[in-house]
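Quick look at final.txt (compact mmCIF, C-alpha atoms):
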# COMPACT_ATOMS: atom_id res chain seq x y z
CA MET A 1 91.31 98.60 120.84
CA ASN A 2 90.37 99.18 117.21
CA TYR A 3 89.38 102.68 116.17
CA GLU A 4 88.92 104.59 112.98
CA LEU A 5 89.34 108.25 112.15
CA LYS A 6 86.47 109.86 110.29
CA LYS A 7 86.24 113.33 108.87
CA ALA A 8 84.15 115.60 111.10
CA LYS A 9 80.94 117.06 109.71
CA GLU A 10 78.90 120.11 110.58
CA SER A 11 76.60 117.91 112.67
CA ASP A 12 79.62 117.15 114.90
CA LEU A 13 80.28 120.79 115.84
CA SER A 14 78.59 120.70 119.25
CA LYS A 15 80.55 117.59 120.28
CA LEU A 16 83.83 119.13 119.09
CA ILE A 17 83.10 122.30 121.07
CA VAL A 18 82.44 120.25 124.22
CA TYR A 19 85.66 118.28 123.70
CA LYS A 20 87.73 121.44 123.18
CA LEU A 21 86.29 123.17 126.24
CA GLN A 22 86.79 120.08 128.39
CA SER A 23 90.41 119.79 127.27
CA ILE A 24 91.04 123.46 128.09
CA PHE A 25 89.31 123.62 131.45
CA ALA A 26 90.56 120.24 132.70
CA TYR A 27 94.16 121.46 132.94
CA THR A 28 93.88 125.16 133.57
CA LYS A 29 93.71 127.20 136.73
CA GLU A 30 90.52 128.79 137.90
CA TYR A 31 89.26 131.45 135.55
CA SER A 32 86.86 134.27 136.24
CA GLN A 33 83.44 133.87 134.67
CA GLU A 34 84.35 136.64 132.25
CA GLU A 35 87.48 134.76 131.13
CA LYS A 36 85.54 131.48 130.79
CA ASN A 37 82.97 133.28 128.65
CA ARG A 38 85.72 134.75 126.45
CA ILE A 39 87.33 131.31 125.97
CA GLU A 40 83.99 129.67 125.21
CA SER A 41 83.14 132.39 122.69
CA TYR A 42 86.52 131.93 120.99
CA VAL A 43 86.09 128.14 120.82
CA ARG A 44 82.54 128.40 119.46
CA SER A 45 83.66 130.77 116.70
CA HIS A 46 86.97 129.03 115.89
CA ILE A 47 85.99 125.35 115.63
CA PRO A 48 83.66 125.88 112.63
CA ILE A 49 86.61 127.50 110.81
CA GLN A 50 88.80 124.43 111.50
CA LEU A 51 86.05 121.82 111.01
CA GLU A 52 87.46 120.36 107.79
CA LYS A 53 90.73 119.55 109.59
CA TYR A 54 89.12 117.67 112.49
CA LYS A 55 88.95 113.88 112.58
CA LEU A 56 86.61 112.01 114.89
CA ILE A 57 87.90 109.00 116.80
CA VAL A 58 85.28 106.29 116.34
CA ILE A 59 85.05 102.95 118.14
CA GLU A 60 82.22 100.55 117.34
CA LYS A 61 80.29 103.36 115.60
CA ASN A 62 80.57 105.63 118.67
CA VAL A 63 82.46 108.92 118.60
CA VAL A 64 84.86 108.82 121.55
CA GLY A 65 87.18 111.72 120.78
CA CYS A 66 88.81 113.88 118.15
CA VAL A 67 92.14 114.89 116.71
CA LEU A 68 93.18 118.06 114.90
CA VAL A 69 96.42 118.33 112.94
CA GLU A 70 97.28 121.47 110.97
CA LYS A 71 100.19 122.56 108.79
CA LYS A 72 102.64 124.71 110.77
CA ASP A 73 105.82 126.34 109.50
CA ASP A 74 108.15 123.45 108.58
CA GLY A 75 105.90 120.68 109.92
CA VAL A 76 102.48 120.12 111.48
CA LEU A 77 100.85 121.17 114.72
CA LEU A 78 99.05 118.49 116.73
CA ASP A 79 96.56 121.10 117.87
CA GLU A 80 94.25 118.74 119.70
CA ILE A 81 93.86 115.14 120.68
CA TYR A 82 90.99 114.34 122.99
CA LEU A 83 89.57 111.05 124.19
CA GLU A 84 86.58 110.58 126.43
CA GLU A 85 87.64 109.42 129.87
CA ASN A 86 86.43 105.81 129.44
CA TYR A 87 88.77 105.41 126.43
CA ARG A 88 91.94 106.84 127.95
CA ASN A 89 94.92 104.70 128.99
CA GLN A 90 94.14 102.09 126.32
CA LYS A 91 96.91 103.06 123.86
CA ILE A 92 94.45 104.74 121.47
CA GLY A 93 96.05 108.17 121.74
CA THR A 94 99.52 106.65 121.52
CA SER A 95 98.55 104.80 118.36
CA ILE A 96 97.13 107.95 116.77
CA ILE A 97 100.24 109.97 117.62
CA LYS A 98 102.50 107.23 116.23
CA GLU A 99 100.55 107.38 112.94
CA ILE A 100 101.03 111.16 112.85
CA ILE A 101 104.76 110.61 113.46
CA LYS A 102 104.96 108.12 110.57
CA LYS A 103 103.47 110.70 108.19
CA ASN A 104 105.36 113.81 109.34
CA ALA A 105 109.03 114.64 109.91
CA ILE A 106 108.34 117.56 112.25
CA ILE A 107 105.46 117.83 114.73
CA TYR A 108 104.72 120.56 117.23
CA LEU A 109 102.28 120.59 120.13
CA TRP A 110 101.32 122.51 123.24
CA VAL A 111 100.69 120.64 126.50
CA TYR A 112 99.66 121.86 129.93
CA LYS A 113 102.43 121.43 132.50
CA VAL A 114 100.03 119.76 134.94
CA ASN A 115 99.18 117.06 132.36
CA GLU A 116 102.06 114.86 133.46
CA LYS A 117 100.75 111.70 131.74
CA ALA A 118 100.69 113.44 128.37
CA ILE A 119 104.14 114.96 128.90
CA SER A 120 105.51 111.54 129.78
CA LEU A 121 103.95 110.02 126.65
CA TYR A 122 105.23 112.77 124.37
CA THR A 123 108.72 112.48 125.84
CA ARG A 124 108.74 108.69 125.33
CA LEU A 125 107.72 109.24 121.71
CA GLY A 126 110.64 111.61 121.13
CA PHE A 127 109.18 115.08 121.67
CA VAL A 128 111.36 117.67 123.39
CA ILE A 129 110.41 120.92 125.09
CA CYS A 130 111.30 123.94 122.93
CA LYS A 131 109.85 126.70 125.05
CA GLN A 132 107.33 127.26 127.81
CA THR A 133 104.79 129.66 129.18
CA GLU A 134 103.59 129.91 132.74
CA ASP A 135 101.30 126.91 132.35
CA ARG A 136 102.24 125.11 129.10
CA TYR A 137 105.14 123.54 127.25
CA TYR A 138 105.68 123.86 123.51
CA MET A 139 107.14 120.56 122.32
CA LYS A 140 108.68 119.43 119.04
CA TYR A 141 109.29 116.06 117.43
CA THR A 142 111.89 115.74 114.68
CA LYS A 143 112.69 112.55 112.76
Whole structure given in structure tokens:
Amino acid sequence: MNYELKKAKESDLSKLIVYKLQSIFAYTKEYSQEEKNRIESYVRSHIPIQLEKYKLIVIEKNVVGCVLVEKKDDGVLLDEIYLEENYRNQKIGTSIIKEIIKKNAIIYLWVYKVNEKAISLYTRLGFVICKQTEDRYYMKYTK
């Protein structure tokens, strides 16, 4: 499926916030309402700061996801890649990650341990687990 990446604009903030919250809450354990409110507040305040680094994933003029890559230490951090459910499992995310790999020698990312499909994809692409927390792996790709 053909897609293009377009620079996010201020008018995209609400969609980016929804994507970020969905990606957090889809793979995390149950949180108290207080914790959910804290996370939502953080996301709402942090995404505007990162806006210029976000790219929208666009298919046939429709925004179907986003990707955020930031400089990190000796490489880049794939901080977020999100696709709406109807566009998953169509090699779009794989294609985007392969493009990131072509442009960068070192890539880091965090992934929730319960997201087995993503872990499998990252492993196939050459990422290895560097460290872990209770619920996430920190992975690294090196050319």
Counting only C-alpha atoms, which residues in region 29-70 of chain A sit no more than 10 Å from region 78-100 of chain A? For each one, give the nearest pair of atoms and the distance in Å, sorted by chain then residue number, as a tab-separated table.
residue	atom	partner	partner_atom	distance
A:Tyr54	CA	A:Glu80	CA	8.9
A:Lys55	CA	A:Ile81	CA	9.6
A:Leu56	CA	A:Tyr82	CA	9.5
A:Ile57	CA	A:Leu83	CA	7.8
A:Ile59	CA	A:Tyr87	CA	9.4
A:Val63	CA	A:Glu84	CA	9.0
A:Val64	CA	A:Glu84	CA	5.5
A:Gly65	CA	A:Leu83	CA	4.2
A:Cys66	CA	A:Tyr82	CA	5.3
A:Val67	CA	A:Ile81	CA	4.3
A:Leu68	CA	A:Glu80	CA	5.0
A:Val69	CA	A:Leu78	CA	4.6
A:Glu70	CA	A:Leu78	CA	6.7
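The two atoms in question, CA of Lys143 (chain A) and CA of Val128 (chain A), are spaced 11.9 Å apart.
Shortest atom-to-atom contact with Val114 (chain A) among A:Ala26, A:Ile101, A:Ile129, A:Leu13: A:Ala26, counting only C-alpha atoms.
If you measure from each of A:Tyr141, A:Glu40, A:Ile47, A:Gln132 to Lys102 (chain A) using all atoms listed in the file, the closest one turns out to be A:Tyr141.
Interatomic distance, CA of Ala8 (chain A) against CA of Lys36 (chain A): 25.3 Å.
Ranking A:Leu125, A:Val58, A:Cys130, A:Ile106 by their shortest atom-to-atom distance to Lys72 (chain A), with only C-alpha atoms included, puts A:Ile106 first.
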Could you tell me which of A:Lys113, A:Lys53, A:Asp73, A:Arg124 comes closest to Lys29 (chain A) if we count all atoms listed in the file?
A:Lys113
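Here CA of Val111 (chain A) stands at a distance of 5.4 Å from CA of Arg136 (chain A).
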A:Glu52, A:Arg44, A:Tyr27, A:Met139: which is nearest Lys7 (chain A), counting only C-alpha atoms?
A:Glu52
Using all atoms listed in the file, the shortest atom-to-atom distance to Gly126 (chain A) among A:Lys9, A:Tyr138, A:Ile107, A:Ser14 belongs to A:Ile107
